[in-house]
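Below is one structure, written out as structure tokens, with a few remarks after it.
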Amino acid sequence: MRMRRIVAGCLLLTSLAWAEVTLDELTSLFHSGKYEQLVVEGELLGKRLQTEQKTRQVAEVYQMLTIAYMRLGRKDDMMRANAIAKGAFASLNEASVDPAEKRRAICQRASALFSEGDVEKTLAFCNEHLKDWPGDNVDRFYLIKPKFHATHMAQGLESALQGLEQDIAVLEGLLESDPANRKYHLANLGLSNLLVAEALLYEQDEKSLLYGEKAYKFLKESPEVNLSELPGGPNLGFRLAAVSGRYQQALQLHEEFRSNGGPGLGLYGFAVEARTGYWLEQAGESARAAERYLAAIDIIDGAWSKLKLRENKATLMAGDSKMMNWMPPGLVFEHAIALLLTQGDARKGLELSELFKSRSLRDALSHQELEKHSPVGVDQALLERERSLFQQLASRPEPETVREYLQVLDSIREQNPEYYSLLSGDPGQLRLPKLADDEILVEYFLGRSEAFIFLLESGGQVQVVRRPVGRESLEESVKEVRKAITRVQSDKAVKAKLFSLSQHLIAPIEGNLAGKKRVIFVPHGKLHYLPFASLLTQDGKYLVESFEVVEAPSAHSLSFGQDKNPRRKQGFAPTDAGTAVFALGDVKVGTWPGLPGTLTESATVVSTLPDAQAYTAEKMTRQAVLNGLNRSGILHFATHGFYEKGEPLDSGIITSDQAVTVADVLGQRLRAYSVFLSACETAVGEETGADEIVGLQQSFQYAGSPSVIATLWQISDEATTQLVADFYRELKTQPKGTALRIAQLKMLKGRYGHPFYWAPFVLSGDWI
């Protein structure tokens, strides 16, 4: 299936004729839906027309580019093109002597200001003119709209909605006091209510329908309003039908709009399939709805993800798609999973959960970020060719360039499949981990109103438990649990909060855990911040007292980790790779304080593992760490770790002279079967567009380590030293997961029995 999509993408691009176009030819490209060709030729034509100061043609070109970029899912380019188009139209209308055109120029200037990203100036401009404007003007809404979006960006959705409702109240007053201009007031009221309905769509469905019905009444049912006079008229019909609950009508009108407006490409196809699926689901056609949702998901992971479309996926996954009234991808996955489970297909539901999660690091990385990474095993000339071709694609994606680029990607896949996965955004065929009869994998997917708990056992059997509790509620409980533990509240208070959360996460599956030795949890969202070992069974015991508790970013990544682990082949026999210990000690680096307690921790590891070599204080240099990465079977870091939001490859660990970044780690061929990040909050990263936690933990796993032990909050030096000693003592003869559990149980039964001390240590990845 994936190869067929690649071929289809190539054939599509091959059919494009790359020649300079006139404005009429560009318009023909627009109406035929050839948006990829249009954006290349349109930018060239637009720049030439700007140089020639042909303002009207500039406005027309960039208006088409705005829509084309929207269809391709390129929000930043869409906003840039819209700013140019609206600015040009404003210049034309400002020069007019017609009062109506001058008012229209004001609206266009407001839109241009917002598209340029100047939120404060947009708000001031809109408020100034709305205050003095009469209501007898259909363009009034086009000040209300940029004001709403600017308020949304600056102050949040709630404030934006409050302001919009105030503007609607003014319009309702004009409807009563100015009957002579009734049709204009109806138009403004209809469009404003439609704006509210679409802002709430997929978020608050019932409230959205209420505003949608008002919009429908004002715009559709009143004979005094001519829809053809309203900007956006061609697609207004299906939008109105959808927000007012007339889903069959929306489907019919949308199909007419698509047939007249040309085919959609790229991520616009995702939007089309997703909203069609939603309407079908609301209309009770579940099977067809599931097909459309799966088609939308398929577009995200299709051949286009290998091209420059991939650069827009992080924005899409993060939810910025709401700016274009697209159904958020996370919600598409949630609805698809629910429908598949209703049809009895639990395995396919798990596959979708995995597909959503497996992107965590990949979708956080732009191509520019990846250029910081020199992958192991990839021919340098091949790497340079890929980067050169990518730059060519970014400016002018000609068919021959596309063909060669895809061929280069295939060559990279043969040399380094994991780097290919990062580069292309293609997770490949779903893999599930190897599980013994006494092991079970528990994977969570949190929806807005429902939580899905997937259970995977040996033999590949998949079951699912559904809980009527939403993501927001669960994540608030996680926050409360963390607060209780990290503030070292009383055992009674902590257990009360843990028990409450466990009723949703553990109680529904406790019967499935009976007889198991090891439980592997795959969290979702802020569940990554939760120490699963501290959750409670119905008899009030911590999970760690009954099971060996392990975590994994995804079942897919866990499978790769198992394949990398030499211990699965060699057992627990010592390898020829020794142990490297890196401890910052009392060295202050920039604004990072020293960690004198790590010297004791380092000495403990050395005394426990005779082959250990310690690099402490000034000896813990960047070069020393890099040297140890590719020749040590065990890596232990007792230092600060940090995460760079937006540039994850610049995240890293602090040394005495220069940070070791994730890019540095990814450039090494790790031999370590165990990595211990004994630093403050090294398991805590940032949520990416895929809604997973990206941090140093997952980065070391991508670099080759089958598993990583990291921490969820700031930890006690003395307690850590005890746990580290017990862990490494047991590691000589036990699996990592067993060694960590024994160390945690010793703390639990001793002076460090509060979960603050033993619960933050999380083993992610293979447990052997």
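Ligands are numbered from 1 in the order shown, residues from 1 within each chain, and chains are lettered A, B, ... in the order they appear in the structure tokens.
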All residues 12 Å or closer to Ser716 in chain A, only C-alpha atoms, same chain fewer than 6 positions away omitted, as a ChimeraX atom specification: /A:486,488,595,597-598,601,678-680,722-724,752,754-761
Enumerate the residues of range 598-663 of chain A with a DSSP assignment of helix (DSSP H, G or I), computed from the backbone, and present them as a PyMOL selection string. chain A and resi 598-608+617-619+622-629+648-650+662-663
How about saving the chosen residues, N, CA, C and O atoms kept, as an mmCIF file, in the first residue's frame?
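Result written to out-v4.cif:
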```cif
data_model
loop_
_atom_site.group_PDB
_atom_site.id
_atom_site.type_symbol
_atom_site.label_atom_id
_atom_site.label_comp_id
_atom_site.auth_asym_id
_atom_site.auth_seq_id
_atom_site.Cartn_x
_atom_site.Cartn_y
_atom_site.Cartn_z
ATOM 1 N N THR A 598 26.753 14.042 43.510
ATOM 2 C CA THR A 598 26.993 13.066 42.443
ATOM 3 C C THR A 598 28.362 12.404 42.571
ATOM 4 O O THR A 598 28.592 11.346 41.980
ATOM 5 N N LEU A 599 29.282 13.014 43.313
ATOM 6 C CA LEU A 599 30.591 12.385 43.520
ATOM 7 C C LEU A 599 30.432 11.095 44.331
ATOM 8 O O LEU A 599 31.058 10.072 44.034
ATOM 9 N N THR A 600 29.599 11.142 45.349
ATOM 10 C CA THR A 600 29.330 9.938 46.139
ATOM 11 C C THR A 600 28.626 8.892 45.291
ATOM 12 O O THR A 600 28.933 7.693 45.354
ATOM 13 N N GLU A 601 27.686 9.350 44.480
ATOM 14 C CA GLU A 601 26.979 8.436 43.587
ATOM 15 C C GLU A 601 27.945 7.757 42.630
ATOM 16 O O GLU A 601 27.871 6.544 42.391
ATOM 17 N N SER A 602 28.878 8.534 42.077
ATOM 18 C CA SER A 602 29.872 7.988 41.157
ATOM 19 C C SER A 602 30.738 6.944 41.847
ATOM 20 O O SER A 602 31.007 5.862 41.301
ATOM 21 N N ALA A 603 31.176 7.260 43.045
ATOM 22 C CA ALA A 603 32.028 6.332 43.792
ATOM 23 C C ALA A 603 31.279 5.033 44.097
ATOM 24 O O ALA A 603 31.866 3.941 44.088
ATOM 25 N N THR A 604 29.971 5.139 44.329
ATOM 26 C CA THR A 604 29.162 3.952 44.601
ATOM 27 C C THR A 604 29.125 3.029 43.396
ATOM 28 O O THR A 604 29.247 1.806 43.522
ATOM 29 N N VAL A 605 28.937 3.600 42.205
ATOM 30 C CA VAL A 605 28.904 2.786 40.988
ATOM 31 C C VAL A 605 30.246 2.102 40.774
ATOM 32 O O VAL A 605 30.311 0.907 40.455
ATOM 33 N N VAL A 606 31.326 2.840 40.960
ATOM 34 C CA VAL A 606 32.665 2.281 40.759
ATOM 35 C C VAL A 606 32.938 1.138 41.727
ATOM 36 O O VAL A 606 33.511 0.105 41.360
ATOM 37 N N SER A 607 32.499 1.306 42.958
ATOM 38 C CA SER A 607 32.740 0.253 43.949
ATOM 39 C C SER A 607 31.876 -0.979 43.691
ATOM 40 O O SER A 607 32.229 -2.094 44.067
ATOM 41 N N THR A 608 30.735 -0.779 43.030
ATOM 42 C CA THR A 608 29.822 -1.894 42.752
ATOM 43 C C THR A 608 30.207 -2.639 41.478
ATOM 44 O O THR A 608 30.072 -3.862 41.394
ATOM 45 N N ALA A 617 33.802 15.809 37.810
ATOM 46 C CA ALA A 617 34.184 17.221 37.852
ATOM 47 C C ALA A 617 34.802 17.662 36.514
ATOM 48 O O ALA A 617 34.216 17.440 35.459
ATOM 49 N N GLU A 618 36.012 18.264 36.539
ATOM 50 C CA GLU A 618 36.623 18.797 35.321
ATOM 51 C C GLU A 618 36.940 17.722 34.293
ATOM 52 O O GLU A 618 37.070 18.005 33.101
ATOM 53 N N LYS A 619 37.066 16.469 34.723
ATOM 54 C CA LYS A 619 37.374 15.389 33.774
ATOM 55 C C LYS A 619 36.140 14.962 32.972
ATOM 56 O O LYS A 619 36.260 14.254 31.974
ATOM 57 N N ARG A 622 33.055 17.138 27.380
ATOM 58 C CA ARG A 622 32.237 16.691 26.249
ATOM 59 C C ARG A 622 32.940 15.568 25.503
ATOM 60 O O ARG A 622 32.306 14.568 25.128
ATOM 61 N N GLN A 623 34.229 15.713 25.273
ATOM 62 C CA GLN A 623 34.958 14.698 24.520
ATOM 63 C C GLN A 623 35.017 13.381 25.284
ATOM 64 O O GLN A 623 34.926 12.299 24.690
ATOM 65 N N ALA A 624 35.155 13.458 26.602
ATOM 66 C CA ALA A 624 35.181 12.231 27.405
ATOM 67 C C ALA A 624 33.857 11.490 27.279
ATOM 68 O O ALA A 624 33.825 10.258 27.173
ATOM 69 N N VAL A 625 32.750 12.241 27.286
ATOM 70 C CA VAL A 625 31.438 11.613 27.137
ATOM 71 C C VAL A 625 31.305 10.982 25.755
ATOM 72 O O VAL A 625 30.862 9.831 25.621
ATOM 73 N N LEU A 626 31.696 11.708 24.720
ATOM 74 C CA LEU A 626 31.595 11.171 23.363
ATOM 75 C C LEU A 626 32.432 9.907 23.203
ATOM 76 O O LEU A 626 32.015 8.943 22.543
ATOM 77 N N ASN A 627 33.610 9.893 23.798
ATOM 78 C CA ASN A 627 34.457 8.699 23.725
ATOM 79 C C ASN A 627 33.800 7.514 24.430
ATOM 80 O O ASN A 627 33.909 6.365 23.986
ATOM 81 N N GLY A 628 33.114 7.808 25.537
ATOM 82 C CA GLY A 628 32.490 6.723 26.291
ATOM 83 C C GLY A 628 31.227 6.184 25.666
ATOM 84 O O GLY A 628 30.850 5.030 25.908
ATOM 85 N N LEU A 629 30.570 7.005 24.825
ATOM 86 C CA LEU A 629 29.285 6.596 24.262
ATOM 87 C C LEU A 629 29.388 5.332 23.413
ATOM 88 O O LEU A 629 28.512 4.473 23.451
ATOM 89 N N PRO A 648 14.776 19.922 19.343
ATOM 90 C CA PRO A 648 15.097 18.804 20.227
ATOM 91 C C PRO A 648 16.501 18.253 20.058
ATOM 92 O O PRO A 648 17.055 17.696 21.001
ATOM 93 N N LEU A 649 17.100 18.410 18.865
ATOM 94 C CA LEU A 649 18.461 17.898 18.693
ATOM 95 C C LEU A 649 19.484 18.737 19.446
ATOM 96 O O LEU A 649 20.628 18.324 19.614
ATOM 97 N N ASP A 650 19.085 19.928 19.915
ATOM 98 C CA ASP A 650 19.972 20.750 20.733
ATOM 99 C C ASP A 650 19.809 20.463 22.220
ATOM 100 O O ASP A 650 20.492 21.060 23.052
ATOM 101 N N VAL A 662 21.659 15.958 21.841
ATOM 102 C CA VAL A 662 21.012 14.789 21.253
ATOM 103 C C VAL A 662 21.615 14.495 19.882
ATOM 104 O O VAL A 662 21.804 13.340 19.504
ATOM 105 N N ALA A 663 21.929 15.552 19.109
ATOM 106 C CA ALA A 663 22.563 15.350 17.801
ATOM 107 C C ALA A 663 23.884 14.612 17.960
ATOM 108 O O ALA A 663 24.231 13.741 17.163
#
```
Counting only C-alpha atoms, which of A:Tyr216, A:Tyr247, A:Tyr728, A:Phe125 gets nearest to Thr579 in chain A? A:Tyr728
With distances taken over only C-alpha atoms, which of A:Met153, A:Val402, A:Ile412, A:Ala493 is nearest to Leu383 in chain A?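 Counting only C-alpha atoms, the residue closest to Leu383 in chain A is A:Ile412.
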Using only C-alpha atoms, which protein or nucleic acid residues come within 12 Å of Ala290 in chain A? Drop anything in the same chain fewer than 4 positions from it, and give the result as a ChimeraX atom specification. /A:273-282,284-286,294-297,332-343,345,348-349
Would you mind listing what lies within 6 Å of range 112-117 of chain A as a list in words, with only C-alpha atoms counted and same-chain residues fewer than 5 positions away left out? Met79, Ala83, Lys86, Gly87 and Thr122 of chain A
Grab the CA of Glu36 in chain A to CA of Gln57 in chain A distance for me, in Å with one decimal place.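 So the two atoms, CA of Glu36 in chain A and CA of Gln57 in chain A, lie 20.2 Å apart.
A straight line drawn from CA of Glu120 in chain A to CA of Glu203 in chain A is 26.4 Å long.
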Which residue of A:Arg246, A:Lys483, A:Arg288, A:Arg385 approaches Gln407 in chain A most closely, using only C-alpha atoms: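 Closest to Gln407 in chain A, using only C-alpha atoms: A:Arg385.
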